[in-house]
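Participant: Supplied structure: run-v9.pdb, PDB, C-alpha atoms and all ligand atoms.
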```pdb
ATOM      1  CA  MET A 545     101.823  98.211  94.328
ATOM      2  CA  ARG A 546     101.186  94.794  92.919
ATOM      3  CA  ILE A 547     102.175  91.604  94.766
ATOM      4  CA  VAL A 548     103.695  88.835  92.647
ATOM      5  CA  ALA A 549     104.807  85.579  94.282
ATOM      6  CA  LYS A 550     106.294  82.765  92.242
ATOM      7  CA  GLY A 551     107.281  79.394  93.586
ATOM      8  CA  LEU A 552     107.393  80.744  97.131
ATOM      9  CA  THR A 553     108.584  77.950  99.387
ATOM     10  CA  TYR A 554     109.399  78.083 103.085
ATOM     11  CA  THR A 555     110.458  75.621 105.749
ATOM     12  CA  TYR A 556     110.489  76.470 109.457
ATOM     13  CA  SER A 557     113.601  75.319 111.332
ATOM     14  CA  ALA A 558     115.150  74.096 108.089
ATOM     15  CA  LYS A 559     118.179  71.853 108.605
ATOM     16  CA  SER A 560     116.937  70.791 112.021
ATOM     17  CA  PRO A 561     115.123  67.601 112.999
ATOM     18  CA  PHE A 562     112.048  69.803 113.551
ATOM     19  CA  ALA A 563     111.980  71.097 109.968
ATOM     20  CA  SER A 564     108.428  71.801 108.870
ATOM     21  CA  ARG A 565     107.512  72.773 105.311
ATOM     22  CA  ALA A 566     104.931  75.565 105.503
ATOM     23  CA  LEU A 567     104.893  76.842 101.898
ATOM     24  CA  ASN A 568     105.328  74.619  98.929
ATOM     25  CA  GLY A 569     105.519  76.756  95.787
ATOM     26  CA  VAL A 570     102.974  79.552  96.146
ATOM     27  CA  ASP A 571     102.155  81.280  92.856
ATOM     28  CA  LEU A 572      99.926  84.260  93.432
ATOM     29  CA  THR A 573      99.372  87.762  92.063
ATOM     30  CA  VAL A 574      97.375  90.413  93.898
ATOM     31  CA  GLU A 575      96.675  93.512  91.829
ATOM     32  CA  GLU A 576      96.811  97.021  93.216
ATOM     33  CA  GLY A 577      93.363  98.113  94.409
ATOM     34  CA  GLU A 578      92.040  94.694  95.299
ATOM     35  CA  PHE A 579      90.278  93.649  98.490
ATOM     36  CA  PHE A 580      91.819  90.215  98.462
ATOM     37  CA  GLY A 581      90.895  87.220 100.598
ATOM     38  CA  ILE A 582      93.135  84.335 101.636
ATOM     39  CA  ILE A 583      91.335  81.232 102.824
ATOM     40  CA  GLY A 584      92.289  77.708 103.791
ATOM     41  CA  HIS A 585      92.244  75.560 106.881
ATOM     42  CA  THR A 586      94.571  75.812 109.852
ATOM     43  CA  GLY A 587      98.159  74.989 108.947
ATOM     44  CA  SER A 588      97.710  75.587 105.204
ATOM     45  CA  GLY A 589     100.348  78.338 105.205
ATOM     46  CA  LYS A 590      98.237  81.522 105.162
ATOM     47  CA  SER A 591     100.053  83.304 107.995
ATOM     48  CA  THR A 592     103.463  82.204 106.745
ATOM     49  CA  PHE A 593     102.629  83.590 103.312
ATOM     50  CA  VAL A 594     101.395  86.992 104.480
ATOM     51  CA  GLN A 595     104.378  87.444 106.796
ATOM     52  CA  HIS A 596     106.596  87.183 103.722
ATOM     53  CA  LEU A 597     104.884  90.208 102.185
ATOM     54  CA  ASN A 598     106.584  92.719 104.474
ATOM     55  CA  ALA A 599     109.642  90.540 105.036
ATOM     56  CA  LEU A 600     108.819  89.613 108.617
ATOM     57  CA  ILE A 601     109.779  86.211 107.333
ATOM     58  CA  ARG A 602     112.727  86.541 104.980
ATOM     59  CA  LEU A 603     112.370  84.957 101.575
ATOM     60  CA  THR A 604     114.464  81.830 101.255
ATOM     61  CA  ASP A 605     113.138  80.124  98.127
ATOM     62  CA  GLY A 606     111.169  81.363  95.124
ATOM     63  CA  SER A 607     110.561  84.974  94.142
ATOM     64  CA  LEU A 608     108.454  87.745  95.594
ATOM     65  CA  LYS A 609     107.943  91.266  94.347
ATOM     66  CA  VAL A 610     105.844  93.900  96.064
ATOM     67  CA  GLY A 611     105.635  96.897  93.744
ATOM     68  CA  GLU A 612     109.215  97.869  92.984
ATOM     69  CA  TYR A 613     110.581  95.954  95.948
ATOM     70  CA  ASP A 614     112.293  92.702  95.063
ATOM     71  CA  LEU A 615     112.363  90.727  98.296
ATOM     72  CA  ALA A 616     114.938  88.310  96.941
ATOM     73  CA  ASP A 617     117.395  91.190  96.618
ATOM     74  CA  LYS A 618     119.635  91.481  99.671
ATOM     75  CA  LYS A 619     119.843  95.233  99.067
ATOM     76  CA  CYS A 620     116.059  95.635  99.222
ATOM     77  CA  ASN A 621     115.099  98.493 101.573
ATOM     78  CA  PHE A 622     113.106  96.436 104.077
ATOM     79  CA  VAL A 623     112.430  99.339 106.461
ATOM     80  CA  GLU A 624     110.820 101.342 103.665
ATOM     81  CA  LEU A 625     108.925  98.250 102.493
ATOM     82  CA  ARG A 626     107.484  97.763 105.991
ATOM     83  CA  SER A 627     106.183 101.326 106.073
ATOM     84  CA  LYS A 628     104.328 100.626 102.816
ATOM     85  CA  VAL A 629     103.018  97.176 103.668
ATOM     86  CA  GLY A 630     101.186  97.324 107.001
ATOM     87  CA  MET A 631     100.582  94.100 108.887
ATOM     88  CA  VAL A 632      97.834  93.587 111.450
ATOM     89  CA  PHE A 633      98.416  90.284 113.216
ATOM     90  CA  GLN A 634      95.785  87.987 114.643
ATOM     91  CA  TYR A 635      94.446  89.413 117.915
ATOM     92  CA  PRO A 636      96.509  92.602 117.463
ATOM     93  CA  GLU A 637      95.172  93.994 120.733
ATOM     94  CA  TYR A 638      97.609  91.729 122.574
ATOM     95  CA  GLN A 639     100.437  93.799 121.144
ATOM     96  CA  LEU A 640      99.277  97.100 122.606
ATOM     97  CA  PHE A 641     101.839  98.065 125.170
ATOM     98  CA  ALA A 642     102.310 101.824 125.604
ATOM     99  CA  GLU A 643     101.003 103.897 128.524
ATOM    100  CA  THR A 644      98.456 105.681 126.361
ATOM    101  CA  VAL A 645      96.575 105.026 123.142
ATOM    102  CA  GLU A 646      98.239 108.067 121.581
ATOM    103  CA  LYS A 647     101.742 106.783 122.364
ATOM    104  CA  ASP A 648     100.887 103.336 121.123
ATOM    105  CA  VAL A 649      99.646 104.612 117.779
ATOM    106  CA  ALA A 650     102.642 106.980 117.491
ATOM    107  CA  PHE A 651     105.099 104.116 117.942
ATOM    108  CA  GLY A 652     104.924 102.962 114.323
ATOM    109  CA  LEU A 653     105.482 106.480 113.049
ATOM    110  CA  LYS A 654     108.582 106.992 115.167
ATOM    111  CA  ASN A 655     110.058 103.860 113.662
ATOM    112  CA  PHE A 656     109.244 104.526 110.057
ATOM    113  CA  ARG A 657     108.991 108.273 109.648
ATOM    114  CA  LYS A 658     111.967 109.542 111.568
ATOM    115  CA  GLU A 659     112.090 112.696 109.463
ATOM    116  CA  MET A 660     108.617 113.851 110.546
ATOM    117  CA  LYS A 661     108.265 116.899 112.775
ATOM    118  CA  GLN A 662     106.454 116.542 116.108
ATOM    119  CA  GLU A 663     103.377 118.497 114.946
ATOM    120  CA  GLU A 664     103.094 116.425 111.787
ATOM    121  CA  ARG A 665     103.387 113.285 113.847
ATOM    122  CA  ASP A 666     100.668 114.420 116.281
ATOM    123  CA  ALA A 667      98.351 115.264 113.380
ATOM    124  CA  ALA A 668      98.945 111.884 111.724
ATOM    125  CA  VAL A 669      98.244 110.038 114.991
ATOM    126  CA  LYS A 670      95.020 111.987 115.513
ATOM    127  CA  GLU A 671      93.909 111.287 111.960
ATOM    128  CA  ALA A 672      94.611 107.546 112.283
ATOM    129  CA  ILE A 673      92.722 107.311 115.584
ATOM    130  CA  GLU A 674      89.736 109.134 114.114
ATOM    131  CA  THR A 675      89.831 107.040 110.936
ATOM    132  CA  VAL A 676      89.367 103.824 112.890
ATOM    133  CA  GLY A 677      86.286 105.350 114.502
ATOM    134  CA  LEU A 678      87.640 106.187 117.957
ATOM    135  CA  ASP A 679      86.991 109.493 119.711
ATOM    136  CA  TYR A 680      90.466 111.063 119.811
ATOM    137  CA  ALA A 681      89.819 113.414 122.745
ATOM    138  CA  ARG A 682      88.350 110.621 124.840
ATOM    139  CA  VAL A 683      90.880 107.874 124.170
ATOM    140  CA  LYS A 684      94.221 109.597 123.562
ATOM    141  CA  ASP A 685      95.351 109.714 127.185
ATOM    142  CA  LYS A 686      93.722 106.457 128.224
ATOM    143  CA  SER A 687      95.655 103.270 128.742
ATOM    144  CA  PRO A 688      94.907 100.882 125.849
ATOM    145  CA  PHE A 689      93.922  98.383 128.513
ATOM    146  CA  GLU A 690      90.981 100.560 129.582
ATOM    147  CA  LEU A 691      89.351 100.215 126.161
ATOM    148  CA  SER A 692      86.720  97.627 125.239
ATOM    149  CA  GLY A 693      87.733  94.628 123.123
ATOM    150  CA  GLY A 694      86.523  96.135 119.859
ATOM    151  CA  GLN A 695      88.117  99.512 120.674
ATOM    152  CA  LYS A 696      91.454  97.852 121.457
ATOM    153  CA  ARG A 697      91.448  96.183 118.077
ATOM    154  CA  ARG A 698      90.696  99.527 116.400
ATOM    155  CA  ALA A 699      93.534 101.164 118.305
ATOM    156  CA  ALA A 700      95.886  98.394 117.161
ATOM    157  CA  ILE A 701      94.778  98.924 113.543
ATOM    158  CA  ALA A 702      95.342 102.693 113.943
ATOM    159  CA  GLY A 703      98.931 101.916 114.971
ATOM    160  CA  VAL A 704      99.463 100.145 111.651
ATOM    161  CA  ILE A 705      97.628 102.490 109.272
ATOM    162  CA  VAL A 706      99.283 105.564 110.796
ATOM    163  CA  THR A 707     102.151 105.222 108.285
ATOM    164  CA  LYS A 708      99.568 105.223 105.450
ATOM    165  CA  PRO A 709     100.684 101.879 104.028
ATOM    166  CA  GLU A 710      99.752 101.279 100.405
ATOM    167  CA  ILE A 711      98.948  97.673 101.209
ATOM    168  CA  LEU A 712      97.216  96.664 104.428
ATOM    169  CA  ILE A 713      97.321  93.020 105.430
ATOM    170  CA  LEU A 714      95.148  91.669 108.211
ATOM    171  CA  ASP A 715      95.399  88.132 109.561
ATOM    172  CA  GLU A 716      91.930  87.049 110.734
ATOM    173  CA  PRO A 717      90.847  90.634 111.509
ATOM    174  CA  ALA A 718      87.357  89.733 112.726
ATOM    175  CA  ALA A 719      88.295  86.666 114.795
ATOM    176  CA  GLY A 720      86.684  86.604 118.191
ATOM    177  CA  LEU A 721      84.361  89.565 117.564
ATOM    178  CA  ASP A 722      80.587  89.298 117.928
ATOM    179  CA  PRO A 723      78.448  89.645 114.743
ATOM    180  CA  LEU A 724      77.988  93.392 115.169
ATOM    181  CA  GLY A 725      81.708  93.868 115.875
ATOM    182  CA  LYS A 726      82.520  91.887 112.723
ATOM    183  CA  LYS A 727      80.155  93.950 110.618
ATOM    184  CA  GLU A 728      81.603  97.214 111.939
ATOM    185  CA  LEU A 729      85.146  96.018 111.398
ATOM    186  CA  MET A 730      84.460  95.113 107.758
ATOM    187  CA  GLU A 731      82.821  98.534 107.281
ATOM    188  CA  LEU A 732      85.949 100.121 108.695
ATOM    189  CA  LEU A 733      88.137  98.176 106.251
ATOM    190  CA  HIS A 734      85.982  99.268 103.322
ATOM    191  CA  SER A 735      86.220 102.882 104.471
ATOM    192  CA  ILE A 736      90.030 102.625 104.501
ATOM    193  CA  HIS A 737      90.195 100.696 101.218
ATOM    194  CA  GLY A 738      90.882 102.684  98.067
ATOM    195  CA  GLY A 739      91.821 105.920  99.826
ATOM    196  CA  TRP A 740      93.947 105.428 102.900
ATOM    197  CA  CYS A 741      95.236 102.003 101.793
ATOM    198  CA  LYS A 742      94.990 101.145  98.113
ATOM    199  CA  THR A 743      95.054  97.392  98.547
ATOM    200  CA  ILE A 744      93.692  95.235 101.362
ATOM    201  CA  VAL A 745      94.530  91.578 101.930
ATOM    202  CA  ILE A 746      92.638  89.679 104.610
ATOM    203  CA  VAL A 747      93.186  86.166 105.862
ATOM    204  CA  SER A 748      89.891  84.671 106.930
ATOM    205  CA  HIS A 749      88.187  81.371 107.390
ATOM    206  CA  ASP A 750      84.762  82.950 107.356
ATOM    207  CA  MET A 751      83.495  82.251 103.849
ATOM    208  CA  ASP A 752      80.500  84.557 104.213
ATOM    209  CA  GLU A 753      82.924  87.362 105.005
ATOM    210  CA  ILE A 754      84.900  86.549 101.838
ATOM    211  CA  ALA A 755      81.763  86.335  99.663
ATOM    212  CA  GLU A 756      80.447  89.659 100.926
ATOM    213  CA  ASN A 757      83.642  91.670 100.880
ATOM    214  CA  CYS A 758      86.380  90.454  98.559
ATOM    215  CA  THR A 759      87.131  91.252  94.933
ATOM    216  CA  ARG A 760      89.053  87.968  94.661
ATOM    217  CA  ALA A 761      90.262  85.211  96.920
ATOM    218  CA  ALA A 762      92.817  82.409  96.902
ATOM    219  CA  VAL A 763      92.414  79.048  98.589
ATOM    220  CA  PHE A 764      95.526  77.704 100.314
ATOM    221  CA  SER A 765      95.985  74.005 100.907
ATOM    222  CA  GLU A 766      99.177  72.313 102.054
ATOM    223  CA  GLY A 767     101.296  75.386 101.390
ATOM    224  CA  LYS A 768      99.989  75.997  97.862
ATOM    225  CA  VAL A 769      97.295  78.004  96.123
ATOM    226  CA  VAL A 770      94.810  75.420  94.868
ATOM    227  CA  MET A 771      92.055  77.722  93.624
ATOM    228  CA  GLU A 772      91.595  81.418  93.059
ATOM    229  CA  GLY A 773      89.132  83.845  91.567
ATOM    230  CA  PRO A 774      86.339  86.256  92.378
ATOM    231  CA  PRO A 775      83.950  84.830  95.018
ATOM    232  CA  ALA A 776      81.246  84.581  92.337
ATOM    233  CA  GLN A 777      83.393  82.010  90.500
ATOM    234  CA  LEU A 778      85.191  80.414  93.413
ATOM    235  CA  PHE A 779      82.108  79.403  95.343
ATOM    236  CA  ARG A 780      80.576  77.689  92.319
ATOM    237  CA  HIS A 781      83.052  74.925  93.201
ATOM    238  CA  THR A 782      81.073  74.156  96.336
ATOM    239  CA  GLU A 783      81.587  70.406  96.252
ATOM    240  CA  GLU A 784      85.328  70.737  95.579
ATOM    241  CA  LEU A 785      85.769  73.153  98.474
ATOM    242  CA  LEU A 786      83.814  70.908 100.794
ATOM    243  CA  SER A 787      85.975  67.968  99.715
ATOM    244  CA  LEU A 788      89.069  70.003 100.700
ATOM    245  CA  GLY A 789      87.555  70.192 104.183
ATOM    246  CA  LEU A 790      86.658  73.853 103.728
ATOM    247  CA  ASP A 791      83.444  75.625 104.406
ATOM    248  CA  VAL A 792      81.451  77.634 101.845
ATOM    249  CA  PRO A 793      79.149  80.656 102.306
ATOM    250  CA  VAL A 794      75.648  79.914 103.512
ATOM    251  CA  THR A 795      74.377  81.133 100.128
ATOM    252  CA  ALA A 796      76.457  78.432  98.372
ATOM    253  CA  LYS A 797      74.994  75.757 100.669
ATOM    254  CA  CYS A 798      71.477  76.947  99.835
ATOM    255  CA  ALA A 799      72.320  77.088  96.119
ATOM    256  CA  LEU A 800      73.543  73.483  96.320
ATOM    257  CA  LEU A 801      70.308  72.366  98.007
ATOM    258  CA  LEU A 802      68.335  74.085  95.247
ATOM    259  CA  LYS A 803      70.508  72.467  92.571
ATOM    260  CA  GLU A 804      69.775  69.042  94.051
ATOM    261  CA  ARG A 805      66.113  69.915  93.533
ATOM    262  CA  GLY A 806      66.716  70.865  89.906
ATOM    263  CA  ILE A 807      66.909  74.637  90.343
ATOM    264  CA  GLU A 808      70.050  76.345  88.999
ATOM    265  CA  LEU A 809      70.642  79.793  90.436
ATOM    266  CA  GLU A 810      73.163  82.267  88.965
ATOM    267  CA  THR A 811      74.353  84.239  91.979
ATOM    268  CA  ASP A 812      77.506  86.008  93.125
ATOM    269  CA  PHE A 813      76.903  84.444  96.579
ATOM    270  CA  THR A 814      76.319  87.689  98.439
ATOM    271  CA  CYS A 815      73.168  87.421 100.597
ATOM    272  CA  ASP A 816      71.641  90.408  98.841
ATOM    273  CA  ASP A 817      72.082  88.984  95.348
ATOM    274  CA  PHE A 818      70.963  85.523  96.487
ATOM    275  CA  ALA A 819      67.712  86.888  97.922
ATOM    276  CA  HIS A 820      67.044  88.886  94.742
ATOM    277  CA  LYS A 821      67.646  85.872  92.505
ATOM    278  CA  VAL A 822      65.401  83.613  94.589
ATOM    279  CA  LEU A 823      62.685  86.239  94.594
ATOM    280  CA  ALA A 824      62.960  86.726  90.814
ATOM    281  CA  LEU A 825      62.691  82.981  90.301
ATOM    282  CA  TRP A 826      59.755  82.727  92.640
ATOM    283  CA  LYS A 827      57.915  85.528  90.813
ATOM    284  CA  ALA A 828      58.700  83.976  87.422
ATOM    285  CA  GLU A 829      57.250  80.687  88.623
ATOM    286  CA  GLY A 830      54.057  82.493  89.592
ATOM    287  CA  GLY A 831      54.908  82.340  93.269
ATOM    288  CA  ILE A 832      52.972  85.453  94.088
ATOM    289  CA  GLN A 833      49.328  84.439  93.679
ATOM    290  CA  ASN A 834      47.811  87.406  95.434
ATOM    291  CA  ASP A 835      48.916  90.451  97.375
ATOM    292  CA  GLN A 836      48.455  88.990 100.843
TER     293      GLN A 836
HETATM  294  P1  LIG A 901      97.798  78.982 108.759
HETATM  295  O1  LIG A 901      98.005  80.445 109.026
HETATM  296  O2  LIG A 901      97.136  78.701 107.467
HETATM  297  O3  LIG A 901      97.091  78.304 109.883
HETATM  298  P2  LIG A 901     100.663  78.737 109.169
HETATM  299  O4  LIG A 901     101.334  79.539 108.132
HETATM  300  O5  LIG A 901     100.560  79.316 110.527
HETATM  301  O6  LIG A 901      99.234  78.290 108.628
HETATM  302  O7  LIG A 901     101.395  77.342 109.304
HETATM  303  C1  LIG A 901     101.809  76.544 108.212
HETATM  304  C2  LIG A 901     102.609  75.369 108.735
HETATM  305  O8  LIG A 901     103.806  75.839 109.342
HETATM  306  C3  LIG A 901     101.891  74.545 109.791
HETATM  307  O9  LIG A 901     102.243  73.211 109.600
HETATM  308  C4  LIG A 901     102.457  75.067 111.079
HETATM  309  O10 LIG A 901     102.463  74.077 112.069
HETATM  310  C5  LIG A 901     103.890  75.440 110.683
HETATM  311  N1  LIG A 901     104.382  76.575 111.485
HETATM  312  C6  LIG A 901     103.813  77.795 111.597
HETATM  313  N2  LIG A 901     104.547  78.612 112.382
HETATM  314  C7  LIG A 901     105.616  77.885 112.777
HETATM  315  C8  LIG A 901     106.754  78.150 113.593
HETATM  316  N3  LIG A 901     106.936  79.352 114.146
HETATM  317  N4  LIG A 901     107.645  77.143 113.773
HETATM  318  C9  LIG A 901     107.479  75.932 113.190
HETATM  319  N5  LIG A 901     106.440  75.611 112.410
HETATM  320  C10 LIG A 901     105.512  76.567 112.193
HETATM  321 MG    MG A 902      97.297  81.610 110.606
END
```
For this file, produce the structure as structure tokens.
Facilitator:
Amino acid sequence: MRIVAKGLTYTYSAKSPFASRALNGVDLTVEEGEFFGIIGHTGSGKSTFVQHLNALIRLTDGSLKVGEYDLADKKCNFVELRSKVGMVFQYPEYQLFAETVEKDVAFGLKNFRKEMKQEERDAAVKEAIETVGLDYARVKDKSPFELSGGQKRRAAIAGVIVTKPEILILDEPAAGLDPLGKKELMELLHSIHGGWCKTIVIVSHDMDEIAENCTRAAVFSEGKVVMEGPPAQLFRHTEELLSLGLDVPVTAKCALLLKERGIELETDFTCDDFAHKVLALWKAEGGIQNDQ
């Protein structure tokens, strides 16, 4: 399913003295199969935009199509849409509530797949729990509150992917995790991507995360998309991004320092590629004088 937003505009508490314009004409297309990043500073409209994608926020202005679903159409089947577009909120572990991990993960299925038989449901729950890297036998009867922070987040993700959504959206999925937790979480998302969920959309303000993981990304500013493209193109606009008050990957900062010293480096801004390109340059310049 492809996501196509045109002129998407949204105001919170419209017609009240507290009206606040959050989206101001978002034009954005996300193709099926992408691992898409949404970046931008706090208040730029990222969360408001992604909550439109499964109609948690109802479309009021502009157009939005997700696959065959036209969200401007009042007759759109929103329940079915929500089973196909999974949404993992920021700090999803705060939404765990059931007595056991198994019941928590099963909750989404009961809502969306009413026709499923009990055995099918149990099998789907087990598969989702195992897919997020948790030991089913050990965690199924535990209270979600007995799990570690990273495990809780995995359990919360299992509760969303259990319906096998075609599109999985995650708002700041790695926020608050330590570096190892972040790395493992991104590995988990890549393992889901392509098979379990065709398309992944992450909101992030970690530019290194975007450079390392995304096929393309869009920069939000003041409720609009101001730049988009593959990280390899996007982060060439280092100075522009910095002037928008945004960060850039550490590789882009290093590339800028090199540029100021007259060295132009063609890199896709992943650490691996950056190191290779620097090494190649260093060798070409006769950097390796001897084997020591
Ligand atoms: P981001 O996720 O990029 O930080 P948001 O989409 O949360 O941005 O917010 C965009 C704008 O909408 C901000 O100005 C924010 O204050 C406002 N906003 C967000 N949620 C609400 C809400 N529930 N009620 C009123 N204003 C809101
Ligand atoms: Mg947000």
Participant: Which residue is closest to A:His737? Choose from A:Ile705, A:Ala650, A:Ile807, A:Leu625 and count all atoms listed in the file.
Facilitator: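 For A:His737, the nearest of the candidates is A:Ile705.
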Participant: Between A:Thr743, A:Gln695, A:Thr795, A:Thr811, which is the closest to A:Ala776 once you count only C-alpha atoms?
Facilitator: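 Checking each of A:Thr743, A:Gln695, A:Thr795, A:Thr811 against A:Ala776, counting only C-alpha atoms, the winner is A:Thr811.
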Participant: Using all atoms listed in the file, which of A:Ser591, A:Asn757, A:Gln639, A:Gln662 sits nearest ligand LIG 901 (chain A)?
Facilitator: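 For ligand LIG 901 (chain A), the nearest of the given residues is A:Ser591.
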Participant: Tell me which of A:Ile746, A:Val706, A:Val683, A:Val623 sits closest to ligand LIG 901 (chain A), counting all atoms listed in the file.
Facilitator: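 Residue with the minimum atom-to-atom distance to ligand LIG 901 (chain A): A:Ile746.
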Participant: As an exercise, work out the distance from atom CA of A:Ser748 to atom CA of A:Glu716 in Å and give it to one decimal place.
Facilitator: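 Going from atom CA of A:Ser748 over to atom CA of A:Glu716 covers 4.9 Å.
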Participant: From the options A:Lys661, A:His749, A:Arg780, A:Lys619, which residue's atoms come nearest to ligand MG 902 (chain A), counting only C-alpha atoms and all ligand atoms?
Facilitator: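 Closest candidate: A:His749.
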Participant: In terms of the shortest atom-to-atom distance over all atoms listed in the file, which of A:Phe562, A:Leu552, A:Tyr635, A:Thr814 is closest to A:Leu615?
Facilitator: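 Looking only at the distances to A:Leu615, the closest residue turns out to be A:Leu552.
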Participant: When you write stretch 709-722 of chain A out from the block above, keep N, CA, C and O atoms and present the result as a PDB file, in the first residue's frame, please.
Facilitator:
```pdb
ATOM      1  N   PRO A 709       0.082  -5.931  10.090  1.00  0.00           N
ATOM      2  CA  PRO A 709      -0.215  -4.738   9.292  1.00  0.00           C
ATOM      3  C   PRO A 709       0.730  -4.641   8.096  1.00  0.00           C
ATOM      4  O   PRO A 709       1.885  -5.040   8.198  1.00  0.00           O
ATOM      5  N   GLU A 710       0.208  -4.123   6.992  1.00  0.00           N
ATOM      6  CA  GLU A 710       1.073  -3.956   5.817  1.00  0.00           C
ATOM      7  C   GLU A 710       2.042  -2.805   6.032  1.00  0.00           C
ATOM      8  O   GLU A 710       3.154  -2.799   5.532  1.00  0.00           O
ATOM      9  N   ILE A 711       1.557  -1.792   6.762  1.00  0.00           N
ATOM     10  CA  ILE A 711       2.396  -0.636   7.054  1.00  0.00           C
ATOM     11  C   ILE A 711       2.552  -0.549   8.567  1.00  0.00           C
ATOM     12  O   ILE A 711       1.561  -0.621   9.297  1.00  0.00           O
ATOM     13  N   LEU A 712       3.788  -0.414   9.018  1.00  0.00           N
ATOM     14  CA  LEU A 712       4.021  -0.258  10.459  1.00  0.00           C
ATOM     15  C   LEU A 712       4.636   1.122  10.693  1.00  0.00           C
ATOM     16  O   LEU A 712       5.657   1.469  10.092  1.00  0.00           O
ATOM     17  N   ILE A 713       3.969   1.881  11.548  1.00  0.00           N
ATOM     18  CA  ILE A 713       4.441   3.235  11.844  1.00  0.00           C
ATOM     19  C   ILE A 713       4.906   3.285  13.287  1.00  0.00           C
ATOM     20  O   ILE A 713       4.202   2.798  14.178  1.00  0.00           O
ATOM     21  N   LEU A 714       6.078   3.841  13.501  1.00  0.00           N
ATOM     22  CA  LEU A 714       6.590   3.916  14.877  1.00  0.00           C
ATOM     23  C   LEU A 714       7.053   5.340  15.154  1.00  0.00           C
ATOM     24  O   LEU A 714       7.868   5.899  14.421  1.00  0.00           O
ATOM     25  N   ASP A 715       6.480   5.923  16.212  1.00  0.00           N
ATOM     26  CA  ASP A 715       6.821   7.295  16.587  1.00  0.00           C
ATOM     27  C   ASP A 715       7.954   7.242  17.615  1.00  0.00           C
ATOM     28  O   ASP A 715       7.746   6.764  18.735  1.00  0.00           O
ATOM     29  N   GLU A 716       9.138   7.657  17.216  1.00  0.00           N
ATOM     30  CA  GLU A 716      10.322   7.648  18.071  1.00  0.00           C
ATOM     31  C   GLU A 716      10.545   6.279  18.736  1.00  0.00           C
ATOM     32  O   GLU A 716      10.563   6.177  19.964  1.00  0.00           O
ATOM     33  N   PRO A 717      10.687   5.215  17.921  1.00  0.00           N
ATOM     34  CA  PRO A 717      10.740   3.873  18.512  1.00  0.00           C
ATOM     35  C   PRO A 717      11.927   3.631  19.442  1.00  0.00           C
ATOM     36  O   PRO A 717      11.833   2.809  20.346  1.00  0.00           O
ATOM     37  N   ALA A 718      13.034   4.335  19.216  1.00  0.00           N
ATOM     38  CA  ALA A 718      14.229   4.039  20.021  1.00  0.00           C
ATOM     39  C   ALA A 718      14.429   5.041  21.153  1.00  0.00           C
ATOM     40  O   ALA A 718      15.410   4.955  21.889  1.00  0.00           O
ATOM     41  N   ALA A 719      13.483   5.971  21.319  1.00  0.00           N
ATOM     42  CA  ALA A 719      13.654   7.005  22.354  1.00  0.00           C
ATOM     43  C   ALA A 719      13.821   6.381  23.727  1.00  0.00           C
ATOM     44  O   ALA A 719      13.107   5.455  24.099  1.00  0.00           O
ATOM     45  N   GLY A 720      14.795   6.891  24.446  1.00  0.00           N
ATOM     46  CA  GLY A 720      14.992   6.458  25.824  1.00  0.00           C
ATOM     47  C   GLY A 720      15.726   5.136  25.989  1.00  0.00           C
ATOM     48  O   GLY A 720      15.953   4.705  27.117  1.00  0.00           O
ATOM     49  N   LEU A 721      16.095   4.484  24.881  1.00  0.00           N
ATOM     50  CA  LEU A 721      16.838   3.219  25.014  1.00  0.00           C
ATOM     51  C   LEU A 721      18.337   3.513  25.026  1.00  0.00           C
ATOM     52  O   LEU A 721      18.790   4.515  24.474  1.00  0.00           O
ATOM     53  N   ASP A 722      19.108   2.608  25.639  1.00  0.00           N
ATOM     54  CA  ASP A 722      20.566   2.800  25.624  1.00  0.00           C
ATOM     55  C   ASP A 722      21.080   2.376  24.235  1.00  0.00           C
ATOM     56  O   ASP A 722      20.336   1.802  23.441  1.00  0.00           O
TER      57      ASP A 722
END
```
